[in-house]
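First comes the structure, then the notes that go with it.
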Protein chains: 2
Amino acid sequence: MFRESKQREAILRFVKGTSSHPTANHVHEEMRKEIPNISLGTVYRNLKLLKREGKISELDIADSKSRFDGNPHNHYHFRCERCGRVFDVDEPVNKEIDKRIARKTGFKVSHHILEFRGLCRDCQSSNE
Amino acid sequence: MFRESKQREAILRFVKGTSSHPTANHVHEEMRKEIPNISLGTVYRNLKLLKREGKISELDIADSKSRFDGNPHNHYHFRCERCGRVFDVDEPVNKEIDKRIARKTGFKVSHHILEFRGLCRDCQSSNE
DNA sequence: AAATTAATAGTAATGATTACTATTAATTAC
DNA sequence: GTAATTAATAGTAATCATTACTATTAATTT
Ligand SMILES: [Mn+2]
Ligand SMILES: [Mn+2]
Ligand SMILES: [Zn+2]
Ligand SMILES: [Zn+2]
């Protein structure tokens, strides 16, 4: 099914070897150092393919369209992976965890964003 | 400083009154029902302005560029709001919370995404 | 070595968002 | 109330990340 290519090997090697969480463009720039004419399309295609294969992951969280919320206060959400709807989750915000992370890392933590993923009730019952 | 406009009032009223977490386009479609020639630019401008004023919020989480990760397993991140860098957070993934949310909501929760926000060490020390 | 076809390079298209600009309308000054 | 001021708008153009397309290249099989 899949054929090997030096482009894909190099992309996987680089992404596996860095903790910089690079963007597609960053990966492309890095790749050009060893494969000068590698195309940006190849980088995108292989990042997506390697993700599908479970070899790497993507920090997407939201999809391309931003969503707005009449509630200006921090709260948690659930996003259905099938229908895309976003629901509020009535769970108290854990302020302690920000302090713990701040202590452990030395970072100044102002807040955190927590989003649950899965299937909403409608999408569980609908078959296919 | 700010003048009132029926467009901005209508946008705020709608976003405050729904729990659908609408996209900018969804807001625009809804607005056209009462202000038929309202422009999409006006919707975007006012959503951003209302967010700045703290009256609504945005479920952005990531910025426009997606980032990739050589670690394919679920783990937590810290994103610096000043320099934009993303760091791994060495905190065990809380699997219990998924079960609790599933019990409370009836949703099928497959996983959750947790991202801390604030200032990294470098950006705390750099003045200005 | 030839045939097959997955993968690539390069470019065009897409789609959400932002920028621009002439016009409209809310507010202020008289 | 009317004119002056200028923030806000409508409509359109530009931007930018990502995806789609297509002729060519190259990995694999026969
Ligand atoms: Mn919400
Ligand atoms: Mn990571
Ligand atoms: Zn659903
Ligand atoms: Zn920083």
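Ordering of the structure tokens sets the chain letters (A, B, ...); residue numbers start at 1 within each chain; ligands are numbered from 1 in the order shown.
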Leaving out stretch 8-24 of chain A and any residue of its chain fewer than 5 positions from it, which residues lie within 9 Å of it when counting only C-alpha atoms (C1' of nucleotides), given as a PDB file with C-alpha atoms, in the first residue's frame?
ATOM      1  CA  GLU A  29      11.818  24.985   6.382  1.00  0.00           C
ATOM      2  CA  GLU A  30      13.720  22.358   8.341  1.00  0.00           C
ATOM      3  CA  MET A  31      13.260  19.763   5.592  1.00  0.00           C
ATOM      4  CA  GLU A  34      18.404  18.320   3.629  1.00  0.00           C
ATOM      5  CA  ILE A  35      15.939  18.074   0.707  1.00  0.00           C
ATOM      6  CA  LEU A  40       5.026  22.332   1.169  1.00  0.00           C
ATOM      7  CA  THR A  42       4.364  17.041   0.538  1.00  0.00           C
ATOM      8  CA  VAL A  43       4.918  18.202   4.092  1.00  0.00           C
ATOM      9  CA  TYR A  44       1.204  18.701   4.692  1.00  0.00           C
ATOM     10  CA  ASN A  46       2.756  13.420   5.062  1.00  0.00           C
ATOM     11  CA  LEU A  47       1.989  15.101   8.376  1.00  0.00           C
ATOM     12  CA  LEU A  50       1.607  10.098   9.771  1.00  0.00           C
ATOM     13  CA  LYS A  55       2.857   7.929  14.593  1.00  0.00           C
ATOM     14  CA  ILE A  56       2.476  11.614  15.452  1.00  0.00           C
ATOM     15  CA  GLU A  58      -1.686  17.270  16.014  1.00  0.00           C
ATOM     16  CA  LEU A  59      -2.512  20.047  18.452  1.00  0.00           C
TER      17      LEU A  59
ATOM     18  CA  LYS B  65      -1.606  27.512  12.465  1.00  0.00           C
ATOM     19  CA  SER B  66      -1.785  23.905  13.544  1.00  0.00           C
ATOM     20  CA  ARG B  67       1.134  22.394  15.423  1.00  0.00           C
ATOM     21  CA  PHE B  68       2.425  18.837  15.237  1.00  0.00           C
ATOM     22  CA  ASP B  69       3.773  16.590  17.953  1.00  0.00           C
ATOM     23  CA  GLY B  70       6.106  13.610  17.740  1.00  0.00           C
ATOM     24  CA  ASN B  71       4.353  12.117  20.761  1.00  0.00           C
ATOM     25  CA  ARG B  85       5.765  28.537  22.230  1.00  0.00           C
ATOM     26  CA  VAL B  86       4.145  25.276  23.292  1.00  0.00           C
ATOM     27  CA  PHE B  87       5.659  23.078  26.000  1.00  0.00           C
ATOM     28  CA  ASP B  88       4.823  19.600  27.228  1.00  0.00           C
TER      29      ASP B  88
END
Shell of 8 Å around C:DA9, only C-alpha atoms (C1' of nucleotides), local chain residues under 2 positions omitted, as a ChimeraX atom specification: /A:37-39
A:Glu115 environment, 12 Å, only C-alpha atoms (C1' of nucleotides), sequence neighbours closer than 2 positions dropped, as a ChimeraX atom specification: /A:60-62,74-81,86-89,91,93,112-113,117-118 /B:59-61,76,97-98,101,109-116
Long-range neighbours of D:DT12 as a PyMOL selection string, 12 Å cut-off, only C-alpha atoms (C1' of nucleotides), 2 positions minimum in chain: (chain B and resi 39-41) or (chain C and resi 19-22) or (chain D and resi 10+14)
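We find atom CA of A:Ser64 and atom CA of B:His26 to be spaced 14.2 Å apart.
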Test item: residues no farther than 7 Å from ligand 4, counting only C-alpha atoms (C1' of nucleotides) and all ligand atoms, as number ranges by chain: B: 80-85, 119-123
Residue hits in chain B, query chain C, radius 8 Å, only C-alpha atoms (C1' of nucleotides), as a ChimeraX atom specification: /B:3-5
Got a sec to pull out which chain D residues are within 9 Å of chain A, counting only C-alpha atoms (C1' of nucleotides), and send them as a CSV table (one decimal) with C-alpha atoms (C1' of nucleotides), in the first residue's frame?
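Written output follows (part_18.csv):
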chain,number,residue,atom,x,y,z
D,18,DT,C1',-4.5,24.6,4.0
D,19,DT,C1',-6.2,21.5,0.4
D,27,DA,C1',9.7,2.7,-5.5
D,28,DT,C1',8.1,-1.8,-6.1
Given only C-alpha atoms as the counted atoms, nearest of A:Asp63, A:Glu96, A:Ser125, A:Phe107 to chain B: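 Ranked by minimum distance to chain B, first place goes to A:Phe107.
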Residues flagged helix (DSSP H, G or I) by DSSP in chain B, as a ChimeraX atom specification: /B:6-17,24-34,40-52,95-105,121-125
Per-residue DSSP, chain A, filtered to strand (DSSP E or B), as a list of chain:residue names: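 Here are the strand (DSSP E or B) residues of chain A: A:Thr23, A:Ser57, A:Glu58, A:Arg67, A:Phe68, A:Asp69, A:Tyr76, A:His77, A:Phe78, A:Arg79, A:Cys80, A:Val86, A:Phe87, A:Asp88, A:Val89, A:Lys108, A:Val109, A:Ser110, A:His111, A:His112, A:Ile113, A:Leu114, A:Glu115, A:Phe116, A:Arg117, A:Gly118, A:Leu119.
Our summary of the geometry notes that atom CA of A:Ser57 is positioned 19.0 Å from atom CA of B:Lys95.
Compared by their closest atoms to chain B, and using only C-alpha atoms, the residues A:Pro92, A:Pro72, A:Lys99, A:Thr105 rank with A:Pro72 nearest.
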Point-to-point distance from atom C1' of D:DT22 to atom CA of A:Met1, Å rounded to tenths: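 Computed distance, atom C1' of D:DT22 to atom CA of A:Met1, equals 21.5 Å.
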